[in-house]
Amino acid sequence: MRSRRTNRAAVRTGVSLAATLPLLAGALALGIPTAQAAPDPGARAALSGTKPLWATAKADQGAAPASSAVTARVYLAGRDAAGLTAYAKAVSDPGSASYGKFLSAEEAQRRFGATKNQVTAVTSWLKGAGLKVTATTRHYVAVSGNVATAQQAFGTELHSYRKDGRTYRAPQRTASAPAGLKDAVLTVSGLDNAPHRASHQDELPPPDAVFRNSGPLSSYYGSKVAKDLPRAYGKKAPYTVKGYTGKQLRGAYGAGRETGRGVTVAITDAYASSTIAEDAARYAKRNGDAAYRKGQLGQVLPDAYTDTEACGASGWYGEETLDVEAVHAVAPEANITYVGSASCNDDDFLDTLSSVVDGHLADIVSNSWSDVETNQTPALHDAYDQVFQLGAIEGIGFYFSSGDSGDEVASTGTKQVDVPAGSAWVTSVGGTSLAVGRHDRYEWETGWGTDQAALSDDGRSWTDFPGAYTSGAGGGTSAVVEQPYYQKGVVPDSLAKANGDTPMRTVPDIAAVADPNTGFLVGQTQTFPDGSQQYGEYRIGGTSLAAPVIAGVQALAQQAHGGRALGFANPAIYDREGTRRINDVTDHPRGSGKGLAVVRVDYANGFDDSEGLLTSVRSLGNDSSLSAVRGYDDVTGVGSPAPGYVESYRKR
């Protein structure tokens with residue numbers, strides 16, 4: 001599966017997608033049985049989830065060419081997968097006697113990692129089946145071969161299937177491994193090839209084209225009202241904000257005296273901006289954030305990059321820039337480590353996340369990327385959750401953007417959630433429209449969901465007000481992951497059982513500012529029309545903003561906690577639901593029936609007024625079929641951090 005980062009141009013203009021990927025729980029594994037324990041050498045153990053949902057009989061185009069190349073990874077289950085899941089739950093639950101008793105990376109590997117015997121046995125099986133072993137790590141064995149050898153190794157024919165107008169390869173039935181290896185093999189990836197992954201090495205392209213915000217702009221919410229334009233919801237609407245700064249976000253979310261000192265936040269995205277250090281330093285100086293200390297911002301990068309064109313590499317530079325500047329704005333003394341993926345594909349992101357866990361590079365990990373659940377290869381659910389669970393037992397928490405297309409119906413035709421935000425082992429971060437008033441005061445939030453109506457030609461009305469849906473926080477109910485224990489009694493059955501009688505994982509868990517119309521000011525080197533590369537600033541949003549904002553807030557909370565890691569935060573977050581530590585966000589914070597809107601003026605060409613201006617009104621709190629209501633909801637989760645949230649983690 002190929003992940004997407006937030007569509008930068010779309011979010012900047014208020015029409016957005018998010019940037020995402022996969023999830024689920026680990027398998028059983030206690031070690032390798034002896035030869036005597038497997039009397040039938042031909043017996044097989046199914047590797048569930050290895051046949052994609054789109055590989056249906058109707059889409060089947062027949063057998064794949066036997067000589068076609070196949071590259072795959074066999075992920076290792078480790079020595080005690082069930083024990084890993086149980087331990088991850090115990091150390092993450094504030095009600096457990098084991099809460100906070102985390103292991104070091106070395107201890108985690110010794111206790112739950114794959115054994116040498118497992119690696120040897122798996123390698124021997126793959127080689128014996130005619131596959132070439134190309135790499136071996138503590139997490140997987142990578143192989144190459146062709147369709148014929150892969151079919152022999154994994155006990156299934158590989159067929160060609162039509163999907164979204166294209167043809168891809170996939171297993172004709174669930175793949176399998178020798179029964180004697182059932183406790184050693186977690187899953188296999190690469191048997192299906194949707195989408196195709198490039199194998200050649202690429203150079204990184206230059207930055208994306210410049211984007212600028214036109215005025216008029218408010219310095220804080222409501223500071224400049226569009227008095228000469230039509231009313232919206234019975235009153236004159238304010239102009240969009242210029243873009244909130246760190247000072248405003250810290251005030252709104254109750255940072256207090258905490259700064260994140262002593263805490264490290266990792267950020268994962270694909271590729272890397274060559275100007276990030278200069279851009280971040282310049283932005284901090286221009287917008288009142290603390291200057292970066294020497295070594296405060298670092299990068300961990302792969303040796304080479306792939307799929308730069310297919311993944312839109314230059315668009316990821318803005319993602320990295322947003323994430324870094326947002327974390328620093330909220331937690332100005334936290335260390336930041338950017339960990340870049342070689343591409344936007346699953347295996348590379350798994351490598352990136354594993355490197356964070358294996359080296360314990362940070363306690364808090366912000367991830368602004370995703371894909372929709374139906375695109376996810378089911379076989380990778382376990383591989384991702386294994387990484388998240390290993391992180392949990394080390395005291396590492398993962399925070400994922402929930403998506404920028406609401407219920408995804410408008411963009412995919414199917415109501416579904418984004419992944420890995422849908423995993424039960426990550427914190428899914430939804431989005432809000434945020435009003436920060438004079439003196440950095442929190443006024444209100446709505447669930448982020450935007451309708452857009454253009455100004456009529458005569459300037460006297462808004463065309464088809466409130467207009468069409470453009471974007472909103474991702475949320476909803478997973479069709480794959482069952483409800484985790486921490487959501488029981490909090491998430492209403494109307495959401496948890498939206499797909500049937502079994503309660504399922506519902507997202508998001510928590511929320512922060514995401515609406516690009518009440519968004520964050522970011523500074524980045526961009527490519528200007530004359531071909532030059534210059535620094536510029538613009539307002540941006542998306543749950544790609546909400547995720548690093550929450551990561552920054554968690555860094556403040558960890559400092560208040562005496563610097564002790566918070567780990568997988570969901571159980572602690574849900575413990576705070578319904579208290580004053582959480583803002584219970586609704587779509588109508590000023591009362592039922594009282595709509596909210598802002599006026600936005602954009603350059604038609606995204607750069608200057610040479611091709612005219614576009615004036616529109618953006619209605620707030622209208623997120624597709626999703627609604628922000630009292631209590632838990634599928635737009636904002638339990639809500640957003642209130643002024644008492646950070647302080648609630650302080651040990652007394």
# chains A, B, ... in the order shown; residues from 1 in each chain; ligands from 1
>>> residues_around(residues="Ala108 of chain A", least_positions_apart="2", cutoff="10 Å", atoms="only C-alpha atoms", output="list in words")
Leu84, Phe102, Leu103, Ser104, Ala105, Glu106, Arg110, Arg111, Phe112, Gly113, Val357, Asp358, Leu390, Gly391, Ile393 and Glu394 of chain A
>>> select_by_dssp(residues="segment 495-622 of chain A", states="helix (DSSP H, G or I)", output="ChimeraX atom specification")
/A:495-496,516-518,543-560,570-575,609-611
>>> write_last_selection(atoms="C-alpha atoms", output="PDB file, in the first residue's frame")
ATOM      1  CA  LEU A 495     -20.976   4.451  16.676  1.00  0.00           C
ATOM      2  CA  ALA A 496     -19.230   1.298  17.911  1.00  0.00           C
ATOM      3  CA  PRO A 516      -7.100  25.372   7.299  1.00  0.00           C
ATOM      4  CA  ASN A 517      -9.419  28.369   7.707  1.00  0.00           C
ATOM      5  CA  THR A 518      -8.422  28.635  11.388  1.00  0.00           C
ATOM      6  CA  THR A 543      -5.173  16.676  10.755  1.00  0.00           C
ATOM      7  CA  SER A 544      -1.550  16.747   9.629  1.00  0.00           C
ATOM      8  CA  LEU A 545      -1.476  19.857  11.823  1.00  0.00           C
ATOM      9  CA  ALA A 546      -3.550  18.360  14.637  1.00  0.00           C
ATOM     10  CA  ALA A 547      -1.216  15.366  15.079  1.00  0.00           C
ATOM     11  CA  PRO A 548       1.994  17.368  15.780  1.00  0.00           C
ATOM     12  CA  VAL A 549       0.028  19.829  17.938  1.00  0.00           C
ATOM     13  CA  ILE A 550      -1.171  16.946  20.117  1.00  0.00           C
ATOM     14  CA  ALA A 551       2.348  15.481  20.098  1.00  0.00           C
ATOM     15  CA  GLY A 552       3.595  18.834  21.379  1.00  0.00           C
ATOM     16  CA  VAL A 553       0.905  18.924  24.078  1.00  0.00           C
ATOM     17  CA  GLN A 554       1.902  15.404  25.131  1.00  0.00           C
ATOM     18  CA  ALA A 555       5.511  16.573  25.424  1.00  0.00           C
ATOM     19  CA  LEU A 556       4.298  19.260  27.832  1.00  0.00           C
ATOM     20  CA  ALA A 557       2.312  16.642  29.754  1.00  0.00           C
ATOM     21  CA  GLN A 558       5.349  14.363  29.966  1.00  0.00           C
ATOM     22  CA  GLN A 559       7.426  17.196  31.395  1.00  0.00           C
ATOM     23  CA  ALA A 560       4.675  17.824  33.966  1.00  0.00           C
ATOM     24  CA  ASN A 570      -5.162   6.234  24.989  1.00  0.00           C
ATOM     25  CA  PRO A 571      -6.106   4.645  28.330  1.00  0.00           C
ATOM     26  CA  ALA A 572      -4.975   7.805  30.154  1.00  0.00           C
ATOM     27  CA  ILE A 573      -6.740  10.060  27.637  1.00  0.00           C
ATOM     28  CA  TYR A 574     -10.029   8.169  27.992  1.00  0.00           C
ATOM     29  CA  ASP A 575      -9.710   8.364  31.776  1.00  0.00           C
ATOM     30  CA  ASP A 609      -3.494  39.106  -7.713  1.00  0.00           C
ATOM     31  CA  SER A 610      -2.407  39.165 -11.364  1.00  0.00           C
ATOM     32  CA  GLU A 611      -5.171  36.692 -12.246  1.00  0.00           C
TER      33      GLU A 611
END
>>> atom_distance(atom1="atom CA of Ala284 of chain A", atom2="atom CA of Val646 of chain A")
23.1 Å
>>> select_by_dssp(residues="segment 482-596 of chain A", states="strand (DSSP E or B)", output="number ranges by chain")
A: 482, 504-507, 510-513, 520-527, 533-540, 582-583, 596
>>> closest_atom_pairs(of="segment 132-221 of chain A", to="segment 591-608 of chain A", cutoff="12 Å", atoms="only C-alpha atoms", output="JSON lines")
{"residue": "A:Ala209", "atom": "CA", "partner": "A:Phe607", "partner_atom": "CA", "distance": 9.2}
{"residue": "A:Val210", "atom": "CA", "partner": "A:Phe607", "partner_atom": "CA", "distance": 6.6}
{"residue": "A:Phe211", "atom": "CA", "partner": "A:Gly606", "partner_atom": "CA", "distance": 5.2}
{"residue": "A:Arg212", "atom": "CA", "partner": "A:Phe607", "partner_atom": "CA", "distance": 5.2}
{"residue": "A:Asn213", "atom": "CA", "partner": "A:Asp602", "partner_atom": "CA", "distance": 6.2}
{"residue": "A:Ser214", "atom": "CA", "partner": "A:Asp602", "partner_atom": "CA", "distance": 5.1}
{"residue": "A:Gly215", "atom": "CA", "partner": "A:Val601", "partner_atom": "CA", "distance": 6.2}
{"residue": "A:Pro216", "atom": "CA", "partner": "A:Val601", "partner_atom": "CA", "distance": 7.1}
{"residue": "A:Leu217", "atom": "CA", "partner": "A:Arg600", "partner_atom": "CA", "distance": 8.3}
{"residue": "A:Ser218", "atom": "CA", "partner": "A:Val599", "partner_atom": "CA", "distance": 10.2}
{"residue": "A:Tyr221", "atom": "CA", "partner": "A:Val598", "partner_atom": "CA", "distance": 9.3}
>>> atom_distance(atom1="atom CA of Asp509 of chain A", atom2="atom CA of Val522 of chain A")
25.5 Å
>>> residues_around(residues="Glu577 of chain A", least_positions_apart="4", cutoff="10 Å", atoms="only C-alpha atoms", output="ChimeraX atom specification")
/A:490,510,572-573,581-584,631-632,637-640
>>> write_last_selection(atoms="N, CA and C atoms", output="compact mmCIF listing (two decimals), in the first residue's frame")
# COMPACT_ATOMS: atom_id res chain seq x y z
N VAL A 490 -17.41 4.31 26.89
CA VAL A 490 -17.22 5.71 26.50
C VAL A 490 -17.80 5.96 25.11
N ILE A 510 -8.73 11.86 20.19
CA ILE A 510 -8.59 13.22 20.72
C ILE A 510 -8.46 14.12 19.51
N ALA A 572 -5.02 6.61 29.31
CA ALA A 572 -4.98 7.80 30.15
C ALA A 572 -5.85 8.91 29.59
N ILE A 573 -5.90 9.04 28.27
CA ILE A 573 -6.74 10.06 27.64
C ILE A 573 -8.22 9.77 27.91
N ARG A 581 -10.60 18.60 32.22
CA ARG A 581 -9.30 18.53 31.56
C ARG A 581 -9.43 18.42 30.05
N ILE A 582 -10.66 18.15 29.59
CA ILE A 582 -10.93 17.98 28.16
C ILE A 582 -12.03 18.95 27.73
N ASN A 583 -11.81 19.66 26.61
CA ASN A 583 -12.87 20.47 26.02
C ASN A 583 -13.82 19.54 25.26
N ASP A 584 -15.05 19.50 25.67
CA ASP A 584 -16.05 18.68 24.98
C ASP A 584 -16.52 19.47 23.76
N GLY A 631 -20.09 14.54 24.61
CA GLY A 631 -19.50 13.24 24.87
C GLY A 631 -18.61 12.82 23.72
N TYR A 632 -18.31 11.53 23.66
CA TYR A 632 -17.45 11.04 22.58
C TYR A 632 -18.16 11.20 21.23
N GLY A 637 -13.33 12.75 18.87
CA GLY A 637 -13.04 11.79 19.93
C GLY A 637 -13.59 12.27 21.25
N VAL A 638 -12.76 12.24 22.29
CA VAL A 638 -13.20 12.72 23.60
C VAL A 638 -13.22 14.23 23.68
N GLY A 639 -12.54 14.90 22.72
CA GLY A 639 -12.47 16.35 22.70
C GLY A 639 -11.05 16.82 22.51
N SER A 640 -10.78 18.05 22.90
CA SER A 640 -9.44 18.63 22.78
C SER A 640 -8.87 18.95 24.16
>>> closest_residue(among="A:Ala270, A:Asp351, A:His159, A:Lys247", to="Thr137 of chain A", atoms="only C-alpha atoms")
A:Asp351
>>> closest_residue(among="A:Lys294, A:Lys235, A:Arg73, A:Lys415", to="Leu126 of chain A", atoms="only C-alpha atoms")
A:Arg73
>>> atom_distance(atom1="atom CA of Arg505 of chain A", atom2="atom CA of His139 of chain A")
26.4 Å
>>> closest_residue(among="A:His360, A:His588, A:Arg564, A:Arg79", to="Gly449 of chain A", atoms="only C-alpha atoms")
A:His588
>>> residues_around(residues="Pro484 of chain A", least_positions_apart="4", cutoff="10 Å", atoms="only C-alpha atoms", output="ChimeraX atom specification")
/A:423-425,488,503-506,570-571
>>> residues_around(residues="Thr245 of chain A", least_positions_apart="5", cutoff="9 Å", atoms="only C-alpha atoms", output="ChimeraX atom specification")
/A:250,287-289,326,329-330,520-522
>>> write_last_selection(atoms="N, CA, C and O atoms", output="mmCIF file, in the first residue's frame")
data_model
loop_
_atom_site.group_PDB
_atom_site.id
_atom_site.type_symbol
_atom_site.label_atom_id
_atom_site.label_comp_id
_atom_site.auth_asym_id
_atom_site.auth_seq_id
_atom_site.Cartn_x
_atom_site.Cartn_y
_atom_site.Cartn_z
ATOM 1 N N ARG A 250 -0.311 27.720 22.397
ATOM 2 C CA ARG A 250 0.037 27.402 23.783
ATOM 3 C C ARG A 250 -0.993 27.999 24.742
ATOM 4 O O ARG A 250 -1.372 27.367 25.733
ATOM 5 N N ASN A 287 8.432 34.547 14.332
ATOM 6 C CA ASN A 287 7.111 34.392 14.939
ATOM 7 C C ASN A 287 7.116 34.203 16.446
ATOM 8 O O ASN A 287 6.126 33.754 17.028
ATOM 9 N N GLY A 288 8.231 34.564 17.087
ATOM 10 C CA GLY A 288 8.259 34.613 18.545
ATOM 11 C C GLY A 288 8.491 33.306 19.247
ATOM 12 O O GLY A 288 8.341 33.227 20.478
ATOM 13 N N ASP A 289 8.867 32.242 18.520
ATOM 14 C CA ASP A 289 9.196 30.978 19.174
ATOM 15 C C ASP A 289 10.640 31.000 19.655
ATOM 16 O O ASP A 289 11.474 31.762 19.141
ATOM 17 N N ALA A 326 5.239 22.991 14.033
ATOM 18 C CA ALA A 326 4.108 22.907 14.958
ATOM 19 C C ALA A 326 4.529 22.327 16.304
ATOM 20 O O ALA A 326 4.120 22.822 17.366
ATOM 21 N N ALA A 329 6.511 24.966 18.081
ATOM 22 C CA ALA A 329 5.670 26.080 18.508
ATOM 23 C C ALA A 329 4.963 25.765 19.821
ATOM 24 O O ALA A 329 4.849 26.619 20.698
ATOM 25 N N VAL A 330 4.497 24.532 19.975
ATOM 26 C CA VAL A 330 3.758 24.143 21.177
ATOM 27 C C VAL A 330 4.697 23.752 22.313
ATOM 28 O O VAL A 330 4.446 24.072 23.478
ATOM 29 N N PHE A 520 -2.676 27.136 11.077
ATOM 30 C CA PHE A 520 -1.375 27.477 11.655
ATOM 31 C C PHE A 520 -0.519 28.152 10.592
ATOM 32 O O PHE A 520 -0.526 27.766 9.422
ATOM 33 N N LEU A 521 0.228 29.155 10.982
ATOM 34 C CA LEU A 521 1.159 29.818 10.079
ATOM 35 C C LEU A 521 2.431 28.990 9.993
ATOM 36 O O LEU A 521 3.023 28.639 11.016
ATOM 37 N N VAL A 522 2.839 28.654 8.771
ATOM 38 C CA VAL A 522 4.024 27.836 8.563
ATOM 39 C C VAL A 522 4.976 28.576 7.635
ATOM 40 O O VAL A 522 4.546 29.380 6.796
#
>>> closest_residue(among="A:Gln109, A:Val480, A:Ala177, A:Val409", to="Ala81 of chain A", atoms="only C-alpha atoms")
A:Gln109
>>> closest_residue(among="A:Asp346, A:Asp183, A:Asp407, A:Glu278", to="Pro378 of chain A", atoms="only C-alpha atoms")
A:Asp346
>>> closest_residue(among="A:Gln61, A:Thr174, A:Gln386, A:Ser624", to="Gly49 of chain A", atoms="only C-alpha atoms")
A:Thr174
